[in-house]
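Heads up, final-v9.txt below (compact mmCIF, C-alpha atoms and all ligand atoms):
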```txt
# COMPACT_ATOMS: atom_id res chain seq x y z
CA MET A 1 58.32 -23.03 54.68
CA TRP A 2 56.71 -19.72 55.72
CA SER A 3 58.93 -17.74 58.07
CA TYR A 4 58.08 -18.40 61.71
CA HIS A 5 57.57 -15.40 64.01
CA PRO A 6 55.97 -16.66 67.24
CA ASP A 7 55.57 -13.16 68.68
CA LEU A 8 53.41 -12.16 65.70
CA LEU A 9 51.43 -15.39 65.70
CA ALA A 10 50.61 -14.95 69.39
CA ARG A 11 48.64 -11.75 68.66
CA PRO A 12 44.89 -12.49 68.48
CA VAL A 13 43.19 -11.13 65.38
CA PRO A 14 39.65 -11.61 64.01
CA ARG A 15 38.93 -13.86 61.06
CA TYR A 16 37.37 -10.86 59.26
CA THR A 17 34.37 -12.65 57.82
CA SER A 18 32.94 -9.13 57.95
CA TYR A 19 34.18 -5.63 58.59
CA PRO A 20 33.25 -4.22 61.05
CA THR A 21 33.53 -7.56 62.83
CA ALA A 22 30.74 -9.05 64.97
CA MET A 23 32.58 -7.77 68.06
CA GLU A 24 31.77 -4.22 66.98
CA PHE A 25 28.05 -4.87 66.43
CA ALA A 26 25.94 -2.53 68.60
CA ASP A 27 22.49 -3.03 70.12
CA ASP A 28 21.15 0.25 68.72
CA VAL A 29 21.39 -1.01 65.12
CA GLY A 30 18.63 -3.55 64.63
CA ALA A 31 15.19 -4.15 63.12
CA ASP A 32 14.52 -0.55 62.04
CA ALA A 33 17.78 -0.26 60.12
CA TYR A 34 17.23 -3.74 58.66
CA GLY A 35 13.75 -2.80 57.47
CA GLN A 36 15.06 0.36 55.82
CA ALA A 37 17.83 -1.61 54.11
CA LEU A 38 15.26 -4.10 52.77
CA ASP A 39 13.15 -1.16 51.54
CA ALA A 40 16.16 0.22 49.65
CA VAL A 41 16.76 -3.00 47.67
CA GLU A 42 16.08 -2.33 43.99
CA ALA A 43 14.19 -4.55 41.57
CA ALA A 44 17.29 -5.92 39.85
CA THR A 45 19.61 -6.11 42.87
CA PRO A 46 21.27 -9.56 43.08
CA ILE A 47 20.54 -11.21 46.43
CA SER A 48 21.97 -14.22 48.22
CA LEU A 49 19.90 -15.92 50.89
CA TYR A 50 21.34 -17.76 53.88
CA VAL A 51 19.08 -19.96 56.02
CA HIS A 52 20.37 -20.98 59.45
CA ILE A 53 19.39 -24.31 61.02
CA PRO A 54 20.89 -24.23 64.55
CA PHE A 55 20.46 -27.93 65.35
CA CYS A 56 22.64 -31.05 65.09
CA GLU A 57 21.89 -34.71 65.73
CA GLN A 58 25.12 -35.00 67.69
CA ILE A 59 27.12 -32.15 69.18
CA CYS A 60 30.88 -32.23 68.58
CA TRP A 61 33.04 -31.14 71.49
CA TYR A 62 35.18 -28.70 69.51
CA CYS A 63 32.31 -26.85 67.83
CA GLY A 64 31.98 -23.08 68.25
CA CYS A 65 28.79 -22.76 66.18
CA ASN A 66 25.46 -21.50 67.48
CA THR A 67 23.82 -24.90 67.51
CA GLY A 68 22.04 -27.27 69.89
CA ALA A 69 20.93 -30.90 70.00
CA ALA A 70 18.00 -31.72 67.71
CA GLY A 71 16.70 -34.29 70.22
CA ARG A 72 13.46 -32.54 71.19
CA ARG A 73 11.43 -32.65 68.00
CA HIS A 74 8.79 -30.12 69.11
CA ARG A 75 11.55 -27.50 69.59
CA LEU A 76 12.74 -28.17 66.07
CA ALA A 77 9.19 -28.00 64.69
CA ASP A 78 8.61 -24.66 66.47
CA TYR A 79 11.81 -23.31 65.02
CA LEU A 80 10.92 -24.39 61.49
CA ALA A 81 7.53 -22.70 61.83
CA ALA A 82 9.27 -19.48 62.92
CA LEU A 83 11.68 -19.78 60.03
CA GLN A 84 8.78 -20.04 57.59
CA SER A 85 7.18 -16.97 59.15
CA GLU A 86 10.43 -15.01 58.85
CA ILE A 87 10.79 -16.02 55.19
CA ALA A 88 7.26 -14.74 54.55
CA LEU A 89 7.90 -11.53 56.53
CA VAL A 90 11.13 -10.65 54.73
CA ALA A 91 9.71 -11.56 51.31
CA LYS A 92 6.66 -9.37 51.95
CA ARG A 93 8.87 -6.45 52.94
CA LEU A 94 10.88 -6.88 49.72
CA GLY A 95 7.66 -6.99 47.72
CA GLY A 96 9.23 -8.85 44.81
CA ARG A 97 12.29 -6.59 44.56
CA GLY A 98 15.73 -8.19 44.26
CA ARG A 99 16.77 -11.25 42.26
CA VAL A 100 17.79 -14.24 44.35
CA GLN A 101 20.84 -15.87 42.79
CA ARG A 102 22.01 -18.12 45.60
CA ILE A 103 20.43 -19.95 48.49
CA ALA A 104 22.67 -21.48 51.18
CA PHE A 105 21.56 -23.66 54.08
CA GLY A 106 23.98 -23.72 57.00
CA GLY A 107 24.08 -24.32 60.70
CA GLY A 108 24.39 -26.38 62.76
CA SER A 109 23.60 -29.20 60.42
CA PRO A 110 20.73 -28.60 58.00
CA ASN A 111 20.32 -32.38 57.74
CA ALA A 112 19.24 -32.41 61.40
CA ILE A 113 15.80 -31.70 59.93
CA ALA A 114 13.94 -34.24 57.80
CA PRO A 115 14.50 -34.13 54.02
CA VAL A 116 10.83 -33.25 53.49
CA GLU A 117 11.21 -30.24 55.80
CA LEU A 118 14.13 -28.97 53.75
CA VAL A 119 12.05 -29.32 50.59
CA ARG A 120 9.23 -27.33 52.21
CA LEU A 121 11.61 -24.52 53.16
CA LEU A 122 13.10 -24.45 49.69
CA ASP A 123 9.68 -24.42 48.03
CA LEU A 124 8.65 -21.48 50.20
CA LEU A 125 11.82 -19.54 49.35
CA LEU A 126 11.40 -20.19 45.63
CA THR A 127 7.73 -19.24 45.75
CA LEU A 128 7.99 -16.05 47.81
CA PHE A 129 11.24 -14.59 46.44
CA ASP A 130 12.07 -13.76 42.86
CA ALA A 131 14.47 -16.65 42.22
CA HIS A 132 15.17 -18.19 38.84
CA ARG A 133 17.26 -21.38 39.03
CA PRO A 134 19.43 -20.09 41.92
CA GLU A 135 22.60 -21.89 42.93
CA ILE A 136 21.67 -23.91 46.02
CA SER A 137 24.21 -25.15 48.55
CA ILE A 138 23.97 -26.94 51.88
CA GLU A 139 26.20 -27.91 54.79
CA LEU A 140 25.78 -31.55 55.83
CA ASP A 141 26.87 -33.62 58.78
CA PRO A 142 28.07 -36.81 57.07
CA ARG A 143 26.97 -38.86 60.09
CA GLY A 144 23.32 -38.09 59.32
CA PHE A 145 23.59 -38.63 55.59
CA SER A 146 21.49 -41.24 53.78
CA ALA A 147 20.58 -42.31 50.25
CA GLU A 148 17.25 -40.52 50.78
CA TRP A 149 19.10 -37.27 51.41
CA ALA A 150 21.11 -37.67 48.19
CA LEU A 151 17.90 -38.27 46.25
CA VAL A 152 16.13 -35.27 47.77
CA LEU A 153 19.09 -32.93 47.29
CA ALA A 154 19.37 -33.91 43.63
CA ALA A 155 15.62 -33.49 43.08
CA ALA A 156 15.79 -30.07 44.77
CA ARG A 157 18.61 -29.06 42.41
CA VAL A 158 21.13 -28.59 45.19
CA THR A 159 24.45 -28.14 43.44
CA ARG A 160 27.02 -27.82 46.24
CA VAL A 161 27.41 -29.79 49.46
CA SER A 162 29.86 -28.99 52.28
CA LEU A 163 30.87 -31.91 54.48
CA GLY A 164 32.36 -31.56 57.96
CA VAL A 165 35.22 -34.05 57.74
CA GLN A 166 37.88 -32.52 60.05
CA THR A 167 40.18 -35.57 60.30
CA PHE A 168 40.29 -39.22 59.32
CA ALA A 169 42.43 -40.24 62.34
CA LEU A 170 40.25 -42.33 64.64
CA HIS A 171 42.16 -41.42 67.82
CA ILE A 172 41.59 -37.71 67.09
CA GLN A 173 37.94 -38.28 66.22
CA GLN A 174 37.56 -39.87 69.66
CA ALA A 175 39.34 -36.93 71.30
CA ILE A 176 36.99 -34.37 69.72
CA GLY A 177 33.75 -36.33 70.08
CA ARG A 178 33.06 -36.92 66.40
CA ILE A 179 33.38 -40.47 65.10
CA GLN A 180 32.96 -40.91 61.35
CA PRO A 181 35.08 -43.57 59.65
CA LEU A 182 36.78 -42.94 56.33
CA SER A 183 34.64 -45.67 54.74
CA HIS A 184 31.52 -43.69 55.67
CA ILE A 185 32.84 -40.47 54.11
CA GLU A 186 33.69 -42.47 50.98
CA ARG A 187 30.09 -43.71 50.83
CA VAL A 188 28.72 -40.17 51.28
CA VAL A 189 30.91 -38.79 48.48
CA ALA A 190 29.98 -41.70 46.18
CA GLY A 191 26.28 -41.25 47.04
CA LEU A 192 26.39 -37.57 46.12
CA ARG A 193 28.30 -38.17 42.90
CA LEU A 194 25.86 -40.92 41.95
CA ARG A 195 23.20 -38.17 41.93
CA ASP A 196 25.46 -35.83 39.92
CA ILE A 197 26.23 -33.59 42.88
CA ASP A 198 29.90 -33.11 42.08
CA ALA A 199 30.59 -29.79 43.81
CA ILE A 200 31.63 -31.17 47.18
CA ASN A 201 33.52 -29.21 49.88
CA PHE A 202 35.52 -30.78 52.70
CA ASP A 203 36.15 -28.90 55.95
CA LEU A 204 39.38 -30.12 57.57
CA MET A 205 41.15 -29.08 60.75
CA TYR A 206 44.66 -28.86 62.14
CA GLY A 207 45.73 -28.07 65.69
CA LEU A 208 43.51 -30.85 67.08
CA PRO A 209 44.35 -32.77 70.28
CA SER A 210 47.22 -35.26 69.80
CA GLN A 211 47.27 -34.52 66.06
CA THR A 212 50.71 -35.11 64.57
CA LEU A 213 52.03 -34.00 61.20
CA ALA A 214 51.71 -37.62 60.07
CA ASP A 215 48.01 -37.68 61.12
CA LEU A 216 47.38 -34.54 59.12
CA ASP A 217 49.31 -35.88 56.16
CA ASP A 218 47.23 -39.09 56.14
CA THR A 219 44.01 -37.05 56.17
CA LEU A 220 45.30 -34.86 53.35
CA GLU A 221 46.29 -37.91 51.33
CA GLU A 222 42.83 -39.46 51.61
CA THR A 223 41.25 -36.09 50.88
CA ILE A 224 43.30 -35.64 47.72
CA ARG A 225 42.30 -39.15 46.65
CA LEU A 226 38.60 -38.34 47.14
CA ALA A 227 39.14 -35.06 45.21
CA PRO A 228 36.55 -32.69 46.69
CA SER A 229 36.26 -29.54 44.59
CA ARG A 230 36.96 -27.26 47.58
CA ILE A 231 38.82 -27.75 50.85
CA SER A 232 38.91 -25.49 53.90
CA LEU A 233 41.72 -26.13 56.36
CA PHE A 234 40.95 -24.40 59.65
CA GLY A 235 43.04 -24.22 62.81
CA TYR A 236 41.20 -25.45 65.91
CA ALA A 237 40.75 -22.64 68.46
CA HIS A 238 40.52 -23.99 72.01
CA LEU A 239 38.45 -21.45 73.98
CA PRO A 240 36.69 -23.43 76.75
CA HIS A 241 35.97 -20.25 78.77
CA MET A 242 33.80 -19.05 75.86
CA ILE A 243 32.65 -22.42 74.46
CA PRO A 244 31.80 -24.67 77.44
CA ARG A 245 31.40 -27.83 75.32
CA GLN A 246 35.14 -27.65 74.58
CA ARG A 247 35.83 -28.52 78.24
CA GLN A 248 35.30 -32.14 77.22
CA ILE A 249 38.52 -31.93 75.21
CA ASP A 250 41.77 -32.84 76.94
CA ALA A 251 43.85 -29.73 76.35
CA SER A 252 47.06 -31.29 77.65
CA ASN A 253 47.99 -32.73 74.27
CA LEU A 254 47.03 -29.88 71.96
CA PRO A 255 49.78 -29.07 69.44
CA ASP A 256 51.97 -26.14 70.48
CA HIS A 257 52.27 -22.95 68.40
CA LYS A 258 55.23 -24.25 66.42
CA LEU A 259 53.52 -27.51 65.48
CA ARG A 260 50.30 -25.67 64.56
CA PHE A 261 52.33 -23.43 62.30
CA GLU A 262 54.02 -26.42 60.66
CA GLN A 263 50.64 -28.10 60.18
CA ALA A 264 49.18 -25.02 58.48
CA TRP A 265 52.21 -24.86 56.19
CA HIS A 266 52.15 -28.59 55.49
CA GLY A 267 48.49 -28.40 54.51
CA TYR A 268 49.18 -25.50 52.18
CA GLU A 269 52.16 -27.22 50.56
CA ARG A 270 50.50 -30.65 50.25
CA LEU A 271 47.29 -29.31 48.70
CA THR A 272 48.95 -26.88 46.30
CA ASN A 273 51.42 -29.59 45.20
CA ALA A 274 48.39 -31.79 44.49
CA GLY A 275 47.08 -29.13 42.10
CA TYR A 276 44.66 -27.24 44.33
CA VAL A 277 44.56 -23.47 43.84
CA PRO A 278 45.07 -21.63 47.15
CA VAL A 279 42.31 -19.13 47.93
CA GLY A 280 42.94 -16.64 50.73
CA PHE A 281 44.73 -18.10 53.72
CA ASP A 282 42.82 -21.35 54.35
CA HIS A 283 40.75 -22.34 51.30
CA PHE A 284 41.78 -24.47 48.32
CA ALA A 285 39.90 -25.21 45.10
CA LEU A 286 40.38 -27.55 42.16
CA PRO A 287 41.39 -25.54 39.06
CA SER A 288 37.99 -26.35 37.49
CA ASP A 289 36.02 -24.92 40.44
CA PRO A 290 34.43 -21.43 40.11
CA LEU A 291 36.27 -20.33 43.26
CA ALA A 292 39.60 -21.02 41.52
CA ASP A 293 38.40 -18.95 38.53
CA ALA A 294 37.52 -16.14 40.92
CA ALA A 295 40.96 -16.38 42.56
CA ARG A 296 42.70 -16.14 39.17
CA GLU A 297 40.53 -13.16 38.23
CA GLU A 298 40.89 -11.50 41.67
CA ARG A 299 37.12 -11.63 42.29
CA VAL A 300 37.21 -13.52 45.60
CA SER A 301 35.58 -11.86 48.59
CA ARG A 302 34.98 -12.81 52.17
CA ASN A 303 31.64 -13.39 53.85
CA PHE A 304 30.28 -15.24 56.86
CA GLN A 305 30.85 -18.59 55.18
CA GLY A 306 34.50 -17.93 54.31
CA PHE A 307 36.10 -17.12 50.95
CA THR A 308 33.56 -16.96 48.14
CA GLU A 309 33.07 -16.01 44.52
CA ASP A 310 29.59 -14.71 45.42
CA ASP A 311 29.43 -11.07 44.34
CA SER A 312 25.84 -10.28 45.37
CA PRO A 313 25.76 -6.88 47.11
CA VAL A 314 22.96 -8.07 49.41
CA LEU A 315 23.05 -11.14 51.64
CA ILE A 316 19.91 -11.83 53.64
CA GLY A 317 20.30 -14.14 56.62
CA ILE A 318 17.22 -15.96 57.86
CA GLY A 319 17.00 -17.75 61.20
CA ALA A 320 18.29 -17.27 64.74
CA SER A 321 21.74 -15.57 64.81
CA ALA A 322 21.84 -15.25 60.99
CA ILE A 323 23.67 -12.20 59.65
CA SER A 324 22.48 -9.98 56.81
CA ARG A 325 24.76 -7.66 54.87
CA PHE A 326 23.87 -4.66 52.70
CA PRO A 327 26.18 -2.09 51.10
CA ASP A 328 25.76 0.23 54.12
CA LEU A 329 24.71 -2.11 56.90
CA ILE A 330 25.37 -5.41 58.68
CA VAL A 331 22.76 -6.80 61.09
CA GLN A 332 22.45 -9.98 63.09
CA ASN A 333 19.24 -11.73 64.09
CA GLU A 334 18.45 -12.56 67.70
CA LYS A 335 20.61 -15.53 68.76
CA ARG A 336 18.34 -17.11 71.38
CA ALA A 337 15.91 -19.39 69.57
CA GLY A 338 13.07 -18.73 72.06
CA VAL A 339 13.34 -14.93 71.81
CA TYR A 340 13.72 -15.24 68.05
CA ARG A 341 10.44 -17.18 67.88
CA ASP A 342 8.69 -14.58 70.08
CA LEU A 343 9.82 -11.71 67.84
CA ILE A 344 8.59 -13.54 64.76
CA ALA A 345 5.29 -14.40 66.46
CA SER A 346 4.70 -10.68 67.04
CA GLY A 347 5.36 -9.96 63.36
CA GLN A 348 8.69 -8.21 63.87
CA LEU A 349 11.94 -8.45 61.96
CA THR A 350 14.41 -10.16 64.27
CA ALA A 351 17.61 -8.16 63.72
CA VAL A 352 18.81 -6.99 67.14
CA ARG A 353 22.39 -5.82 66.64
CA GLY A 354 24.62 -4.63 63.88
CA ALA A 355 26.87 -1.96 62.43
CA VAL A 356 26.41 0.87 59.97
CA ILE A 357 29.08 0.86 57.27
CA ASP A 358 30.19 4.48 56.91
CA ALA A 359 32.66 5.69 54.29
CA ASP A 360 35.68 5.07 56.53
CA ASN A 361 34.51 1.53 57.38
CA ARG A 362 33.80 0.84 53.73
CA GLU A 363 37.27 1.83 52.64
CA ARG A 364 38.98 -0.02 55.49
CA GLY A 365 36.81 -3.08 54.80
CA HIS A 366 37.74 -2.96 51.12
CA ILE A 367 41.47 -2.87 51.91
CA ILE A 368 41.13 -5.72 54.45
CA ASN A 369 39.15 -7.78 51.94
CA GLU A 370 41.75 -7.20 49.20
CA LEU A 371 44.64 -8.18 51.46
CA LEU A 372 42.94 -11.36 52.67
CA CYS A 373 41.42 -12.46 49.36
CA GLN A 374 43.87 -11.20 46.73
CA GLY A 375 47.03 -10.89 48.86
CA SER A 376 47.56 -7.25 47.90
CA ALA A 377 45.79 -3.89 47.96
CA ASN A 378 46.25 -0.63 46.08
CA LEU A 379 46.28 2.19 48.59
CA GLU A 380 45.08 5.71 47.98
CA LEU A 381 47.57 8.43 48.79
CA ARG A 382 45.73 9.33 52.00
CA TRP A 383 46.56 5.93 53.54
CA LEU A 384 50.14 5.58 52.38
CA ARG A 385 52.08 7.64 54.89
CA SER A 386 50.54 5.97 57.92
CA ALA A 387 50.55 2.47 56.36
CA ARG A 388 54.24 2.60 55.39
CA SER A 389 55.12 3.64 58.91
CA ALA A 390 52.88 1.10 60.70
CA LEU A 391 54.05 -1.77 58.48
CA ALA A 392 57.79 -0.98 58.54
CA ASP A 393 58.55 -3.94 60.83
CA TYR A 394 56.64 -6.32 58.56
CA GLU A 395 58.58 -4.98 55.57
CA HIS A 396 61.81 -5.50 57.46
CA LEU A 397 60.81 -9.14 58.13
CA GLN A 398 60.07 -9.50 54.39
CA ILE A 399 56.45 -10.44 55.12
CA ILE A 400 55.23 -7.59 52.93
CA ARG A 401 56.66 -5.43 50.16
CA TRP A 402 55.59 -2.25 48.41
CA ASP A 403 55.14 -2.09 44.62
CA ASP A 404 54.77 1.68 44.44
CA ASP A 405 51.37 2.27 46.08
CA ARG A 406 50.47 -1.39 46.13
CA LEU A 407 50.86 -3.27 49.41
CA VAL A 408 51.74 -6.91 48.69
CA VAL A 409 51.68 -9.78 51.19
CA GLU A 410 54.68 -11.94 50.29
CA ASP A 411 54.10 -15.67 49.75
CA ASP A 412 56.17 -16.14 52.90
CA GLY A 413 53.78 -13.87 54.79
CA LEU A 414 50.50 -15.66 54.09
CA ALA A 415 50.26 -16.87 57.70
CA TYR A 416 50.33 -13.22 58.80
CA ALA A 417 47.77 -11.89 56.32
CA ARG A 418 45.09 -11.35 58.99
CA LEU A 419 47.59 -9.58 61.22
CA ILE A 420 48.59 -7.24 58.39
CA ALA A 421 44.94 -6.66 57.50
CA ALA A 422 44.21 -5.90 61.17
CA GLN A 423 46.53 -2.87 60.95
CA PHE A 424 43.77 -1.25 58.85
CA ASP A 425 41.06 -2.11 61.39
CA ARG A 426 39.78 1.07 63.02
CA CYS A 427 39.43 -0.73 66.39
CA ARG A 428 42.66 -2.72 66.36
CA GLY A 429 45.19 -1.24 63.96
CA ALA A 430 47.53 1.72 63.95
CA ILE A 431 46.88 2.93 60.42
CA LEU A 432 45.10 6.24 60.04
CA CYS A 433 43.68 7.92 57.00
CA ASP A 434 45.07 11.41 56.43
CA ASP A 435 41.61 12.89 55.72
CA VAL A 436 39.05 10.83 57.60
CA GLU A 437 36.67 13.77 57.94
CA ASP A 438 36.53 14.24 54.17
CA MET A 439 35.80 10.55 53.71
CA VAL A 440 33.08 10.41 56.33
CA SER A 441 31.25 13.29 54.68
CA THR A 442 31.34 11.79 51.17
S1 LIG A 501 27.95 -31.27 63.28
FE1 LIG A 501 29.01 -29.35 62.76
S2 LIG A 501 27.71 -27.71 63.56
FE2 LIG A 501 27.03 -29.63 64.53
S3 LIG A 501 28.14 -29.72 66.46
FE3 LIG A 501 29.38 -30.86 64.96
S4 LIG A 501 30.78 -29.32 64.11
FE4 LIG A 501 29.17 -28.21 65.17
```
So, in terms of structure tokens, how does the structure I just supplied come out?
Amino acid sequence: MWSYHPDLLARPVPRYTSYPTAMEFADDVGADAYGQALDAVEAATPISLYVHIPFCEQICWYCGCNTGAAGRRHRLADYLAALQSEIALVAKRLGGRGRVQRIAFGGGSPNAIAPVELVRLLDLLLTLFDAHRPEISIELDPRGFSAEWALVLAAARVTRVSLGVQTFALHIQQAIGRIQPLSHIERVVAGLRLRDIDAINFDLMYGLPSQTLADLDDTLEETIRLAPSRISLFGYAHLPHMIPRQRQIDASNLPDHKLRFEQAWHGYERLTNAGYVPVGFDHFALPSDPLADAAREERVSRNFQGFTEDDSPVLIGIGASAISRFPDLIVQNEKRAGVYRDLIASGQLTAVRGAVIDADNRERGHIINELLCQGSANLELRWLRSARSALADYEHLQIIRWDDDRLVVEDDGLAYARLIAAQFDRCRGAILCDDVEDMVST
């Protein structure tokens, strides 16, 4: 088992789906910077598109996503109209530059909209952007899945589907407000495979109310039997002061820190013993999956959807709260759907906050990415003195080691990878570069 250091685990650290993190986004970096970044995209630049659908048929109590109930259909229709306008606006600004290689639909639950609406959005994207047979993926709420959806996804050439599974234990499903029997998930998986959609991801969770190791083990056993090509195993974060819907969850029987730690370890051990390749600290892929290839070849990176083999330098997020990333910039669209619609109606790009990636941020972000995705990072001389000093305690605990100038997270230290990476975070860590001024001016 990984070594257990409760004092270290108690320290809050970001998930680093970007660096700088969303907490450092500022209001003075918005639509103007976004427009300039779009203008700087070159004809052959690979682009990934992300389309955000912030609606769900049923809201789960644990969910921290920017999503709302899809009940009022006119609200959904207004949002889809705004989304189409934003697609047209961004495509016009690009003027045919950039080559779209991937399109991802996320949320929320993209299947909160009707299948025909998804097809319309996809048609618009394929018509207005330069996209030749892009890889198309979608997140689905299994509860709203139907044979019609499988048919439409196959016809639309969707190749990867992510399913929110979380747990198969009925008593936990009741405790988190998300009932979906194992037999239903089996039907969804079979329905997708029937249409030759074999790239299926499962999202699972540990640290859920009243979840025991045996509950988790049962879910892992059924998961391994169903053999999704990728699995994410996330720890539930109970933050009712920030996420009011979580107040519906009885916090009195949440697993304690020790049990959470054992669950994370058990998941890692069970899935790797079953042949899954570990990717980063919470993803697993079948050896035949492209993410496993990327892990073997040290090409994995981290973006807003987790660990990925996507190497496009430009990610354009479309929809309320969607995040776009360029080599020198990260921006986030307006989160409030009403304000987002108003901005679009007045013909404006909707980015309202973000961060400029300067040379120091870029280098820190690269080191953080390497540590989280590859488990090691080569450090330039200018970082070494400070890093060796700041990480001495971790070395003493045998969580890290140094191979000359290479910082290596030990297998035993995987649970602390984010904490180690955070030492390189300009806002949270202690590590300084010896010649920051030189770097900033390069
Ligand atoms: S279906 Fe997914 S996005 Fe929607 S509320 Fe549940 S967990 Fe959140």
Would you mind listing the residues within 9 Å of ligand LIG 501 (chain A), counting all atoms listed in the file, as a ChimeraX atom specification? /A:54-69,106-110,112,139-143,163-164,166,177-178
I'd like the interatomic distance between atom CA of A:Ala237 and atom CA of A:Pro290, to a tenth of an Å.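 Calculated distance between atom CA of A:Ala237 and atom CA of A:Pro290 is 29.1 Å.
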Kindly provide the residues of stretch 347-425 of chain A that approach stretch 319-333 of chain A to within 6 Å, each paired with its closest atom pair and their distance in Å to one decimal, based on only C-alpha atoms, listed by chain and increasing number, as a Markdown table.
```
| residue | atom | partner | partner_atom | distance |
| --- | --- | --- | --- | --- |
| A:Thr350 | CA | A:Asn333 | CA | 5.1 |
| A:Ala351 | CA | A:Asn333 | CA | 3.9 |
| A:Val352 | CA | A:Asn333 | CA | 5.7 |
| A:Arg353 | CA | A:Gln332 | CA | 5.5 |
| A:Gly354 | CA | A:Val331 | CA | 4.0 |
| A:Ala355 | CA | A:Ile330 | CA | 5.3 |
| A:Val356 | CA | A:Leu329 | CA | 4.6 |
| A:Ile357 | CA | A:Asp328 | CA | 4.6 |
```
What's the separation between atom CA of A:Arg11 and atom CA of A:Val29, in Å to one decimal place? 29.5 Å
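When atom CA of A:Asn378 is paired with atom CA of A:Gly267, their separation reads 29.1 Å.
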Could you pull the residues within 12 Å of stretch 45-47 of chain A, counting only C-alpha atoms, minus those fewer than 4 positions along the same chain, as a PyMOL selection string? chain A and resi 38-41+91+94+96-104+129-132+134-135+310-317+324-327
Output the selection as an mmCIF file, keeping the file's coordinate frame - C-alpha atoms for each residue.
```
data_model
loop_
_atom_site.group_PDB
_atom_site.id
_atom_site.type_symbol
_atom_site.label_atom_id
_atom_site.label_comp_id
_atom_site.auth_asym_id
_atom_site.auth_seq_id
_atom_site.Cartn_x
_atom_site.Cartn_y
_atom_site.Cartn_z
ATOM 1 C CA LEU A 38 15.260 -4.100 52.770
ATOM 2 C CA ASP A 39 13.150 -1.160 51.540
ATOM 3 C CA ALA A 40 16.160 0.220 49.650
ATOM 4 C CA VAL A 41 16.760 -3.000 47.670
ATOM 5 C CA ALA A 91 9.710 -11.560 51.310
ATOM 6 C CA LEU A 94 10.880 -6.880 49.720
ATOM 7 C CA GLY A 96 9.230 -8.850 44.810
ATOM 8 C CA ARG A 97 12.290 -6.590 44.560
ATOM 9 C CA GLY A 98 15.730 -8.190 44.260
ATOM 10 C CA ARG A 99 16.770 -11.250 42.260
ATOM 11 C CA VAL A 100 17.790 -14.240 44.350
ATOM 12 C CA GLN A 101 20.840 -15.870 42.790
ATOM 13 C CA ARG A 102 22.010 -18.120 45.600
ATOM 14 C CA ILE A 103 20.430 -19.950 48.490
ATOM 15 C CA ALA A 104 22.670 -21.480 51.180
ATOM 16 C CA PHE A 129 11.240 -14.590 46.440
ATOM 17 C CA ASP A 130 12.070 -13.760 42.860
ATOM 18 C CA ALA A 131 14.470 -16.650 42.220
ATOM 19 C CA HIS A 132 15.170 -18.190 38.840
ATOM 20 C CA PRO A 134 19.430 -20.090 41.920
ATOM 21 C CA GLU A 135 22.600 -21.890 42.930
ATOM 22 C CA ASP A 310 29.590 -14.710 45.420
ATOM 23 C CA ASP A 311 29.430 -11.070 44.340
ATOM 24 C CA SER A 312 25.840 -10.280 45.370
ATOM 25 C CA PRO A 313 25.760 -6.880 47.110
ATOM 26 C CA VAL A 314 22.960 -8.070 49.410
ATOM 27 C CA LEU A 315 23.050 -11.140 51.640
ATOM 28 C CA ILE A 316 19.910 -11.830 53.640
ATOM 29 C CA GLY A 317 20.300 -14.140 56.620
ATOM 30 C CA SER A 324 22.480 -9.980 56.810
ATOM 31 C CA ARG A 325 24.760 -7.660 54.870
ATOM 32 C CA PHE A 326 23.870 -4.660 52.700
ATOM 33 C CA PRO A 327 26.180 -2.090 51.100
#
```
Rank nothing, just name the residue among A:Tyr19, A:Arg406, A:Ser376, A:Ser389 nearest to A:Asp360, using only C-alpha atoms.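 Ranked by minimum distance to A:Asp360, first place goes to A:Tyr19.
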Which residues of stretch 159-268 of chain A sit at most 12 Å from stretch 292-305 of chain A, using all atoms listed in the file? Give each one's shortest atom pair and distance in Å (one decimal place), in chain and ascending residue order, as JSON lines.
```
{"residue": "A:Ser162", "atom": "CA", "partner": "A:Gln305", "partner_atom": "CA", "distance": 10.8}
{"residue": "A:Asp203", "atom": "CA", "partner": "A:Gln305", "partner_atom": "CA", "distance": 11.6}
{"residue": "A:Ser229", "atom": "CA", "partner": "A:Ala292", "partner_atom": "CA", "distance": 9.7}
{"residue": "A:Arg230", "atom": "CA", "partner": "A:Ala292", "partner_atom": "CA", "distance": 9.1}
{"residue": "A:Ile231", "atom": "CA", "partner": "A:Ala292", "partner_atom": "CA", "distance": 11.5}
{"residue": "A:Ser232", "atom": "CA", "partner": "A:Gln305", "partner_atom": "CA", "distance": 10.7}
```
Residue contacts of A:Leu432 (12 Å, only C-alpha atoms) excluding same-chain residues fewer than 6 positions away, as a ChimeraX atom specification: /A:360-361,363-364,381-390,423-426
Cut-off 8 Å: closest stretch 251-320 of chain A/stretch 217-227 of chain A atom pairs per residue, using all atoms listed in the file, as a tab-separated table:
```
residue	atom	partner	partner_atom	distance
A:His266	CA	A:Asp217	CA	7.9
A:Gly267	CA	A:Leu220	CA	7.3
A:Arg270	CA	A:Leu220	CA	7.4
A:Leu271	CA	A:Leu220	CA	7.5
A:Ala274	CA	A:Ile224	CA	7.2
```
I'd like to know which of A:Ala199, A:Arg362, A:Phe284, A:Leu83 is closest to A:Thr272, using all atoms listed in the file. A:Phe284
Name all residues at most 12 Å from A:Leu194 (count all atoms listed in the file; drop same-chain ones fewer than 3 positions away) and give them as a short mmCIF file (atom, residue, chain, number, x, y, z; two decimals) with C-alpha atoms, in the frame of the given file.
```cif
data_model
loop_
_atom_site.label_atom_id
_atom_site.label_comp_id
_atom_site.auth_asym_id
_atom_site.auth_seq_id
_atom_site.Cartn_x
_atom_site.Cartn_y
_atom_site.Cartn_z
CA ALA A 147 20.58 -42.31 50.25
CA ALA A 150 21.11 -37.67 48.19
CA LEU A 151 17.90 -38.27 46.25
CA LEU A 153 19.09 -32.93 47.29
CA ALA A 154 19.37 -33.91 43.63
CA ARG A 187 30.09 -43.71 50.83
CA VAL A 188 28.72 -40.17 51.28
CA VAL A 189 30.91 -38.79 48.48
CA ALA A 190 29.98 -41.70 46.18
CA GLY A 191 26.28 -41.25 47.04
CA ILE A 197 26.23 -33.59 42.88
CA ASP A 198 29.90 -33.11 42.08
#
```
